[in-house]
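Colleague: So here's run.csv (CSV, C-alpha atoms and all ligand atoms).
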```csv
chain,number,residue,atom,x,y,z
V,31,MET,CA,-39.3,-18.2,-47.2
V,32,GLU,CA,-38.5,-17.0,-50.7
V,33,HIS,CA,-39.6,-19.0,-53.7
V,34,LEU,CA,-37.2,-21.8,-54.6
V,35,ARG,CA,-36.4,-21.7,-58.3
V,36,LEU,CA,-36.1,-24.8,-60.3
V,37,GLY,CA,-33.6,-24.7,-63.2
V,38,VAL,CA,-34.1,-27.7,-65.5
V,39,ASN,CA,-31.0,-28.9,-67.2
V,40,ILE,CA,-31.8,-30.3,-70.6
V,41,ASP,CA,-28.3,-31.6,-71.6
V,42,HIS,CA,-29.4,-35.2,-71.6
V,43,VAL,CA,-32.2,-34.6,-74.1
V,44,ALA,CA,-29.4,-33.7,-76.4
V,45,THR,CA,-27.4,-36.8,-75.3
V,46,VAL,CA,-30.3,-38.9,-76.6
V,47,ARG,CA,-30.6,-36.9,-79.8
V,48,ASN,CA,-26.9,-37.2,-80.4
V,49,ALA,CA,-26.9,-41.0,-80.0
V,50,ARG,CA,-28.4,-41.1,-83.5
V,51,GLY,CA,-26.9,-37.9,-84.9
V,52,GLY,CA,-30.1,-36.4,-86.1
V,53,ASP,CA,-32.3,-33.6,-84.6
V,54,TYR,CA,-34.7,-35.7,-82.5
V,55,PRO,CA,-35.5,-35.2,-79.6
V,56,ASP,CA,-35.0,-31.5,-79.7
V,57,PRO,CA,-33.7,-29.9,-76.5
V,58,VAL,CA,-35.4,-26.6,-77.3
V,59,ARG,CA,-38.8,-28.4,-77.4
V,60,ALA,CA,-37.9,-30.0,-74.1
V,61,ALA,CA,-37.0,-26.6,-72.7
V,62,LYS,CA,-40.3,-25.1,-73.8
V,63,LEU,CA,-42.2,-28.0,-72.2
V,64,ALA,CA,-40.1,-27.6,-69.0
V,65,GLU,CA,-41.2,-24.0,-68.9
V,66,GLU,CA,-44.8,-24.9,-69.2
V,67,ALA,CA,-44.4,-27.6,-66.5
V,68,GLY,CA,-43.1,-25.1,-63.9
V,69,ALA,CA,-39.3,-24.6,-64.6
V,70,ASP,CA,-38.2,-21.2,-63.6
V,71,GLY,CA,-35.1,-21.4,-65.8
V,72,ILE,CA,-33.3,-23.6,-68.2
V,73,THR,CA,-29.7,-24.8,-67.8
V,74,ALA,CA,-27.5,-26.0,-70.6
V,75,HIS,CA,-23.9,-26.9,-70.6
V,76,LEU,CA,-21.9,-26.4,-73.8
V,77,ARG,CA,-19.0,-28.7,-73.4
V,78,GLU,CA,-15.8,-28.2,-75.1
V,79,ASP,CA,-16.3,-31.6,-76.9
V,80,ARG,CA,-19.9,-30.7,-77.7
V,81,ARG,CA,-21.0,-34.2,-76.5
V,82,HIS,CA,-24.5,-33.1,-75.9
V,83,ILE,CA,-25.5,-29.4,-76.3
V,84,THR,CA,-24.3,-27.8,-79.5
V,85,ASP,CA,-23.6,-24.1,-80.4
V,86,HIS,CA,-26.8,-24.2,-82.5
V,87,ASP,CA,-28.8,-25.4,-79.4
V,88,ILE,CA,-27.5,-22.4,-77.5
V,89,GLU,CA,-28.5,-20.0,-80.3
V,90,GLN,CA,-32.0,-21.6,-80.5
V,91,LEU,CA,-32.4,-21.5,-76.7
V,92,THR,CA,-31.4,-17.9,-76.6
V,93,GLU,CA,-34.1,-17.0,-79.1
V,94,ALA,CA,-36.9,-19.4,-77.9
V,95,LEU,CA,-36.9,-19.2,-74.1
V,96,GLY,CA,-39.3,-17.1,-72.1
V,97,VAL,CA,-37.5,-18.0,-68.9
V,98,PRO,CA,-33.8,-17.2,-68.1
V,99,LEU,CA,-31.0,-19.3,-69.6
V,100,ASN,CA,-28.3,-20.5,-67.3
V,101,PHE,CA,-25.3,-21.1,-69.6
V,102,GLU,CA,-22.9,-23.6,-68.0
V,103,MET,CA,-19.3,-23.5,-69.3
V,104,ALA,CA,-15.7,-24.1,-68.6
V,105,ALA,CA,-13.4,-21.1,-68.0
V,106,THR,CA,-11.9,-21.0,-71.5
V,107,LYS,CA,-11.5,-18.2,-74.0
V,108,GLU,CA,-13.7,-20.0,-76.5
V,109,MET,CA,-16.6,-20.3,-74.1
V,110,GLN,CA,-16.1,-16.8,-72.9
V,111,ALA,CA,-16.5,-15.5,-76.5
V,112,ILE,CA,-19.7,-17.5,-76.9
V,113,ALA,CA,-21.2,-16.2,-73.7
V,114,LEU,CA,-20.3,-12.6,-74.6
V,115,ARG,CA,-22.0,-13.1,-78.0
V,116,HIS,CA,-25.3,-14.5,-76.4
V,117,ARG,CA,-25.3,-12.6,-73.1
V,118,PRO,CA,-27.3,-15.2,-71.2
V,119,HIS,CA,-29.1,-14.3,-68.0
V,120,ALA,CA,-26.6,-16.3,-66.1
V,121,VAL,CA,-23.2,-18.0,-66.7
V,122,CYS,CA,-22.2,-20.9,-64.4
V,123,ILE,CA,-18.5,-21.7,-64.5
V,124,VAL,CA,-17.8,-25.4,-64.0
V,125,PRO,CA,-14.6,-27.4,-64.0
V,126,GLU,CA,-13.6,-28.7,-67.4
V,127,LYS,CA,-13.3,-32.3,-66.4
V,128,ARG,CA,-16.1,-32.2,-63.9
V,129,GLU,CA,-17.3,-35.8,-64.3
V,130,GLU,CA,-13.8,-37.1,-63.3
V,131,ARG,CA,-13.8,-35.1,-60.1
V,132,THR,CA,-17.4,-35.4,-59.0
V,133,THR,CA,-16.4,-36.7,-55.6
V,134,GLU,CA,-13.9,-33.9,-55.2
V,135,GLY,CA,-16.4,-31.2,-55.7
V,136,GLY,CA,-16.5,-28.2,-58.0
V,137,LEU,CA,-14.2,-25.6,-59.4
V,138,GLU,CA,-10.8,-24.9,-57.8
V,139,VAL,CA,-11.3,-21.2,-57.3
V,140,ALA,CA,-8.8,-20.5,-54.5
V,141,GLN,CA,-5.8,-21.6,-56.5
V,142,ASP,CA,-6.8,-19.8,-59.7
V,143,GLU,CA,-8.2,-16.6,-58.3
V,144,ASN,CA,-6.4,-14.1,-60.4
V,145,ARG,CA,-7.1,-15.7,-63.7
V,146,LEU,CA,-10.8,-16.3,-62.8
V,147,ALA,CA,-11.3,-12.8,-61.6
V,148,HIS,CA,-10.1,-11.5,-65.0
V,149,PHE,CA,-12.1,-14.2,-66.8
V,150,ILE,CA,-15.5,-13.3,-65.2
V,151,ALA,CA,-15.2,-9.5,-65.2
V,152,PRO,CA,-16.2,-9.1,-68.9
V,153,LEU,CA,-19.1,-11.6,-68.4
V,154,ARG,CA,-20.4,-9.4,-65.6
V,155,GLU,CA,-19.9,-6.3,-67.6
V,156,ALA,CA,-22.0,-7.8,-70.4
V,157,GLY,CA,-24.9,-8.2,-68.0
V,158,SER,CA,-24.7,-11.9,-67.1
V,159,ARG,CA,-24.9,-13.0,-63.5
V,160,VAL,CA,-21.8,-15.1,-62.8
V,161,SER,CA,-22.2,-18.3,-60.8
V,162,ILE,CA,-19.3,-20.5,-59.7
V,163,PHE,CA,-19.9,-24.2,-59.2
V,164,ILE,CA,-18.0,-25.2,-56.0
V,165,ALA,CA,-17.9,-27.8,-53.2
V,166,ALA,CA,-19.2,-26.9,-49.8
V,167,ASP,CA,-15.8,-25.5,-48.8
V,168,ARG,CA,-15.3,-22.2,-46.9
V,169,ARG,CA,-12.0,-21.5,-48.8
V,170,GLN,CA,-13.7,-21.8,-52.2
V,171,ILE,CA,-16.7,-19.7,-51.1
V,172,GLU,CA,-14.4,-16.9,-49.9
V,173,ALA,CA,-12.4,-17.1,-53.1
V,174,ALA,CA,-15.6,-17.0,-55.2
V,175,ASN,CA,-16.7,-13.9,-53.3
V,176,ARG,CA,-13.3,-12.2,-53.7
V,177,ILE,CA,-13.2,-12.7,-57.5
V,178,GLY,CA,-16.6,-11.0,-57.9
V,179,ALA,CA,-19.0,-13.8,-58.5
V,180,GLN,CA,-22.6,-12.9,-57.6
V,181,VAL,CA,-23.8,-16.5,-57.2
V,182,ILE,CA,-22.3,-19.8,-56.0
V,183,GLU,CA,-23.8,-23.1,-56.9
V,184,LEU,CA,-23.0,-25.7,-54.2
V,185,HIS,CA,-22.2,-29.2,-55.6
V,186,THR,CA,-24.6,-31.7,-54.2
V,187,GLY,CA,-23.0,-34.7,-55.9
V,188,THR,CA,-21.1,-36.0,-52.8
V,189,TYR,CA,-24.3,-35.9,-50.8
V,190,CYS,CA,-26.3,-37.7,-53.5
V,191,ASP,CA,-23.7,-40.3,-54.2
V,192,ALA,CA,-23.5,-41.1,-50.4
V,193,HIS,CA,-27.2,-41.5,-50.3
V,194,ALA,CA,-27.3,-43.7,-53.4
V,195,GLU,CA,-24.6,-46.0,-52.0
V,196,GLY,CA,-26.1,-46.2,-48.5
V,197,ARG,CA,-23.3,-44.4,-46.8
V,198,LEU,CA,-25.8,-42.6,-44.6
V,199,ALA,CA,-23.4,-41.1,-42.0
V,200,GLU,CA,-21.3,-39.6,-44.8
V,201,ARG,CA,-24.5,-38.4,-46.5
V,202,ASP,CA,-25.7,-36.7,-43.3
V,203,ALA,CA,-22.3,-35.1,-42.6
V,204,GLU,CA,-22.2,-33.7,-46.1
V,205,LEU,CA,-25.7,-32.4,-45.8
V,206,ILE,CA,-24.6,-30.5,-42.6
V,207,ARG,CA,-21.6,-29.1,-44.5
V,208,LEU,CA,-23.9,-28.0,-47.3
V,209,ARG,CA,-26.2,-26.3,-44.9
V,210,GLU,CA,-23.5,-24.5,-43.0
V,211,MET,CA,-21.8,-23.4,-46.2
V,212,ALA,CA,-25.1,-22.1,-47.7
V,213,THR,CA,-25.5,-20.0,-44.6
V,214,PHE,CA,-21.9,-18.8,-44.8
V,215,ALA,CA,-22.1,-17.9,-48.5
V,216,HIS,CA,-25.3,-16.0,-47.9
V,217,SER,CA,-23.8,-14.1,-45.0
V,218,LEU,CA,-21.1,-12.8,-47.5
V,219,GLY,CA,-23.9,-11.5,-49.8
V,220,LEU,CA,-23.7,-14.3,-52.4
V,221,GLU,CA,-26.8,-15.8,-53.9
V,222,VAL,CA,-26.8,-19.5,-53.2
V,223,HIS,CA,-27.8,-22.2,-55.7
V,224,ALA,CA,-27.3,-26.0,-55.5
V,225,GLY,CA,-27.3,-29.0,-57.8
V,226,HIS,CA,-25.9,-32.1,-59.2
V,227,GLY,CA,-27.3,-35.6,-58.8
V,228,LEU,CA,-30.6,-34.5,-57.1
V,229,THR,CA,-33.5,-36.9,-57.3
V,230,TYR,CA,-37.0,-37.1,-55.7
V,231,GLU,CA,-35.3,-38.9,-52.8
V,232,THR,CA,-32.5,-36.4,-52.1
V,233,VAL,CA,-34.1,-33.0,-53.1
V,234,ALA,CA,-36.2,-32.3,-50.0
V,235,PRO,CA,-33.4,-31.7,-47.4
V,236,VAL,CA,-31.7,-29.3,-49.7
V,237,ALA,CA,-34.9,-27.5,-50.7
V,238,GLU,CA,-35.4,-26.8,-46.9
V,239,PHE,CA,-32.2,-24.6,-46.7
V,240,PRO,CA,-33.6,-21.1,-46.5
V,241,GLU,CA,-30.6,-19.5,-48.1
V,242,VAL,CA,-30.8,-21.7,-51.3
V,243,ARG,CA,-32.6,-19.8,-54.1
V,244,GLU,CA,-32.3,-22.2,-57.0
V,245,LEU,CA,-31.8,-25.9,-57.7
V,246,ASN,CA,-30.5,-27.1,-61.0
V,247,ILE,CA,-31.6,-30.6,-61.9
V,248,GLY,CA,-31.2,-32.5,-65.1
V,249,HIS,CA,-30.2,-36.1,-65.4
V,250,PHE,CA,-32.8,-37.5,-63.1
V,251,LEU,CA,-35.7,-35.5,-64.6
V,252,VAL,CA,-34.8,-36.6,-68.1
V,253,GLY,CA,-34.4,-40.2,-67.0
V,254,GLU,CA,-37.7,-40.2,-65.2
V,255,ALA,CA,-39.3,-38.7,-68.3
V,256,VAL,CA,-38.8,-42.0,-70.0
V,257,PHE,CA,-41.4,-43.5,-67.6
V,258,VAL,CA,-43.8,-40.6,-66.9
V,259,GLY,CA,-43.1,-37.9,-69.4
V,260,LEU,CA,-41.0,-34.7,-68.9
V,261,GLY,CA,-43.9,-32.5,-67.8
V,262,ALA,CA,-44.9,-35.0,-65.1
V,263,SER,CA,-41.3,-35.6,-63.9
V,264,ILE,CA,-40.8,-31.8,-63.5
V,265,ALA,CA,-44.2,-31.3,-61.9
V,266,GLU,CA,-43.4,-33.9,-59.3
V,267,MET,CA,-40.0,-32.5,-58.5
V,268,ARG,CA,-41.6,-29.0,-58.2
V,269,ARG,CA,-44.2,-30.5,-55.8
V,270,ILE,CA,-41.6,-32.1,-53.6
V,271,MET,CA,-39.5,-29.0,-53.5
V,272,ASP,CA,-42.5,-26.8,-52.6
V,273,GLU,CA,-43.7,-29.2,-50.0
V,274,ALA,CA,-40.2,-29.3,-48.3
V,275,ARG,CA,-39.9,-25.5,-48.5
V,276,ASN,CA,-43.4,-24.9,-47.0
V,277,ALA,CA,-42.8,-27.4,-44.2
V,278,ALA,CA,-39.4,-25.9,-43.2
J,1,LIG,N1,-25.5,-27.9,-61.7
J,1,LIG,C1,-24.3,-28.0,-62.4
J,1,LIG,C2,-23.3,-26.8,-62.3
J,1,LIG,C3,-24.1,-29.0,-63.3
J,1,LIG,O1,-22.9,-29.0,-64.0
J,1,LIG,C4,-25.0,-30.0,-63.5
J,1,LIG,C5,-24.8,-31.1,-64.5
J,1,LIG,O2,-24.6,-30.6,-65.7
J,1,LIG,C6,-26.2,-29.9,-62.8
J,1,LIG,C7,-26.4,-28.9,-61.9
J,1,LIG,C8,-27.3,-30.9,-62.9
J,1,LIG,O3,-26.9,-32.2,-62.5
J,1,LIG,P1,-27.8,-33.4,-62.8
J,1,LIG,O4,-27.8,-33.6,-64.3
J,1,LIG,O5,-27.0,-34.5,-62.1
J,1,LIG,O6,-29.1,-33.2,-62.2
```
Please express the file's structure as structure tokens.
Modeller:
Amino acid sequence: MEHLRLGVNIDHVATVRNARGGDYPDPVRAAKLAEEAGADGITAHLREDRRHITDHDIEQLTEALGVPLNFEMAATKEMQAIALRHRPHAVCIVPEKREERTTEGGLEVAQDENRLAHFIAPLREAGSRVSIFIAADRRQIEAANRIGAQVIELHTGTYCDAHAEGRLAERDAELIRLREMATFAHSLGLEVHAGHGLTYETVAPVAEFPEVRELNIGHFLVGEAVFVGLGASIAEMRRIMDEARNAA
């Protein structure tokens, strides 16, 4: 099976920094450390309200990283201009009010196809790989394919929430849906990523999907870093992912 990439999302290092308004802890330092600990890429979400990552962070990350940057953004003109300026390796389009719709899944592509097709075209032309963050839903996958996305990222939040809340039948049903939709998306020629809410407990079944090429994980790794350090939390996640992948 192909190597499963780990993208480390460093947004919440910036959340801690911004709690005091200074420049510590520095997300760029965290990104460099993540790289040393085995991250294959760094993910950062520049939110419209700049609640964690800032424009300056994106500039610094673009200059400092040795691994690819996955720039998460809403489908707005402002974010498009920033992405076109920095030309990151990848751009992941996410819903603007994602946290309010976490149980509903990802971006509504099917109902906004025309606008999104025009929105992503210049990003592709600038050389970024365009990824669309969506629920495990055939209609959304087909729409993402039609608008010209090269990658989809499957939203694992529903699966992880069901696990955390002990709704095990729902968790298992969602896992089956994720697996089927990973296979379906791959059959269309899309590269498949997954992420949101993944932890040591929930990562293995997703890491086993042969079609999934990359997992993007942030909040849990940064939280666990409080106890064991960022390098150790990433190394342990990497180990669990590799073990699951090799056993599959
Ligand atoms: N993938 C996408 C598209 C996301 O928006 C996020 C959260 O910013 C993640 C992955 C990582 O989720 P978490 O921080 O819960 O691991």
Colleague: Using only C-alpha atoms and all ligand atoms, what does the table of chain V residues within 8 Å of ligand LIG 1 (chain J) look like, with each row giving the shortest atom pair and its distance in Å to one decimal, sorted by chain and ascending number, as CSV?
Modeller:
```
residue,atom,partner,partner_atom,distance
V:Val38,CA,J:LIG1,C8,8.0
V:Asn39,CA,J:LIG1,C8,6.0
V:Asp41,CA,J:LIG1,O2,7.0
V:His42,CA,J:LIG1,O4,7.6
V:Thr73,CA,J:LIG1,C7,7.9
V:Ala74,CA,J:LIG1,O2,7.3
V:His75,CA,J:LIG1,O2,6.2
V:Glu102,CA,J:LIG1,C2,6.5
V:Cys122,CA,J:LIG1,C2,6.4
V:Ile123,CA,J:LIG1,C2,7.3
V:Val124,CA,J:LIG1,C2,5.9
V:Arg128,CA,J:LIG1,O1,7.5
V:Ile162,CA,J:LIG1,C2,7.9
V:Phe163,CA,J:LIG1,C2,5.3
V:Glu183,CA,J:LIG1,C2,6.6
V:His185,CA,J:LIG1,N1,7.1
V:Gly187,CA,J:LIG1,O5,7.4
V:Ala224,CA,J:LIG1,N1,6.7
V:Gly225,CA,J:LIG1,C7,4.2
V:His226,CA,J:LIG1,O3,3.4
V:Gly227,CA,J:LIG1,O5,3.5
V:Leu228,CA,J:LIG1,O6,5.5
V:Thr229,CA,J:LIG1,O6,7.6
V:Leu245,CA,J:LIG1,C7,7.5
V:Asn246,CA,J:LIG1,C7,4.6
V:Ile247,CA,J:LIG1,O6,3.6
V:Gly248,CA,J:LIG1,O6,3.6
V:His249,CA,J:LIG1,O4,3.6
V:Phe250,CA,J:LIG1,O6,5.7
V:Leu251,CA,J:LIG1,O6,7.4
```
Colleague: Go ahead and write the residues just picked, C-alpha atoms, as an mmCIF file, in the coordinates of the input.
Modeller:
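Result saved to part_11.cif:
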```
data_model
loop_
_atom_site.group_PDB
_atom_site.id
_atom_site.type_symbol
_atom_site.label_atom_id
_atom_site.label_comp_id
_atom_site.auth_asym_id
_atom_site.auth_seq_id
_atom_site.Cartn_x
_atom_site.Cartn_y
_atom_site.Cartn_z
ATOM 1 C CA VAL V 38 -34.100 -27.700 -65.500
ATOM 2 C CA ASN V 39 -31.000 -28.900 -67.200
ATOM 3 C CA ASP V 41 -28.300 -31.600 -71.600
ATOM 4 C CA HIS V 42 -29.400 -35.200 -71.600
ATOM 5 C CA THR V 73 -29.700 -24.800 -67.800
ATOM 6 C CA ALA V 74 -27.500 -26.000 -70.600
ATOM 7 C CA HIS V 75 -23.900 -26.900 -70.600
ATOM 8 C CA GLU V 102 -22.900 -23.600 -68.000
ATOM 9 C CA CYS V 122 -22.200 -20.900 -64.400
ATOM 10 C CA ILE V 123 -18.500 -21.700 -64.500
ATOM 11 C CA VAL V 124 -17.800 -25.400 -64.000
ATOM 12 C CA ARG V 128 -16.100 -32.200 -63.900
ATOM 13 C CA ILE V 162 -19.300 -20.500 -59.700
ATOM 14 C CA PHE V 163 -19.900 -24.200 -59.200
ATOM 15 C CA GLU V 183 -23.800 -23.100 -56.900
ATOM 16 C CA HIS V 185 -22.200 -29.200 -55.600
ATOM 17 C CA GLY V 187 -23.000 -34.700 -55.900
ATOM 18 C CA ALA V 224 -27.300 -26.000 -55.500
ATOM 19 C CA GLY V 225 -27.300 -29.000 -57.800
ATOM 20 C CA HIS V 226 -25.900 -32.100 -59.200
ATOM 21 C CA GLY V 227 -27.300 -35.600 -58.800
ATOM 22 C CA LEU V 228 -30.600 -34.500 -57.100
ATOM 23 C CA THR V 229 -33.500 -36.900 -57.300
ATOM 24 C CA LEU V 245 -31.800 -25.900 -57.700
ATOM 25 C CA ASN V 246 -30.500 -27.100 -61.000
ATOM 26 C CA ILE V 247 -31.600 -30.600 -61.900
ATOM 27 C CA GLY V 248 -31.200 -32.500 -65.100
ATOM 28 C CA HIS V 249 -30.200 -36.100 -65.400
ATOM 29 C CA PHE V 250 -32.800 -37.500 -63.100
ATOM 30 C CA LEU V 251 -35.700 -35.500 -64.600
#
```
Colleague: Quick one: residues within 10 Å of V:Glu66, all atoms listed in the file counted, chain neighbours fewer than 5 positions away excluded, as a VMD selection string?
Modeller: chain V and resid 60 to 61 96 261 264 to 265
Colleague: Would you mind listing what lies within 9 Å of V:Ser263 as a PyMOL selection string, with all atoms listed in the file counted and same-chain residues fewer than 2 positions away left out?
Modeller: chain V and resi 67+250-255+257-261+265-268
Colleague: With all atoms listed in the file as the counted atoms, please give the residues lying no more than 10 Å from V:Lys127, apart from itself and same-chain residues fewer than 5 positions off, as a PyMOL selection string.
Modeller: chain V and resi 77-78+104+132+136-137
Colleague: Would you output that residue set with C-alpha atoms, as a compact mmCIF listing (two decimals), keeping the file's coordinate frame?
Modeller:
```txt
# COMPACT_ATOMS: atom_id res chain seq x y z
CA ARG V 77 -19.00 -28.70 -73.40
CA GLU V 78 -15.80 -28.20 -75.10
CA ALA V 104 -15.70 -24.10 -68.60
CA THR V 132 -17.40 -35.40 -59.00
CA GLY V 136 -16.50 -28.20 -58.00
CA LEU V 137 -14.20 -25.60 -59.40
```
Colleague: If we draw a sphere of 12 Å around (-35.9, -25.9, -78.3), which residues have at least one atom in it when counting only C-alpha atoms? Please report them as a PyMOL selection string.
Modeller: chain V and resi 40-41+43-44+53-65+72+74+83-84+86-96+99
Colleague: Rounded to one decimal place, report the atom CA of V:Gly196-atom CA of V:Val236 distance in Å.
Modeller: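 So the answer is 17.8 Å.
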Colleague: Which residue is closest to V:Val222? Choose from V:Arg201, V:Arg169, V:Arg209, V:Arg154 and count all atoms listed in the file.
Modeller: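 Going through V:Arg201, V:Arg169, V:Arg209, V:Arg154 one by one, the smallest distance to V:Val222 is for V:Arg209.
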Colleague: One number please: atom CA of V:Gly68 to atom CA of V:Asp202, in Å, one decimal.
Modeller: 29.4 Å
Colleague: Just give me the residues with any atom within 12 Å of (-14.2, -17.3, -73.6), file coordinates, counting only C-alpha atoms, written as a VMD selection string.
Modeller: chain V and resid 76 78 103 to 116 121 123 146 148 to 153
Colleague: Excluding V:Glu138 and residues on its chain fewer than 6 positions from it, collect all residues at most 9 Å away from it, counting only C-alpha atoms, and give them as a short mmCIF file (atom, residue, chain, number, x, y, z; two decimals) with C-alpha atoms, in the frame of the given file.
Modeller:
```
data_model
loop_
_atom_site.label_atom_id
_atom_site.label_comp_id
_atom_site.auth_asym_id
_atom_site.auth_seq_id
_atom_site.Cartn_x
_atom_site.Cartn_y
_atom_site.Cartn_z
CA PRO V 125 -14.60 -27.40 -64.00
CA ILE V 164 -18.00 -25.20 -56.00
CA ALA V 165 -17.90 -27.80 -53.20
CA GLN V 170 -13.70 -21.80 -52.20
#
```
Colleague: To one decimal place in Å, what is the distance between atom CA of V:His33 and atom CA of V:Leu218?
Modeller: 20.5 Å
Colleague: V:Arg159, V:Arg269, V:Arg168, V:Arg176: which is nearest V:Glu221, counting all atoms listed in the file?
Modeller: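 So, comparing all the options, the nearest one is V:Arg159.
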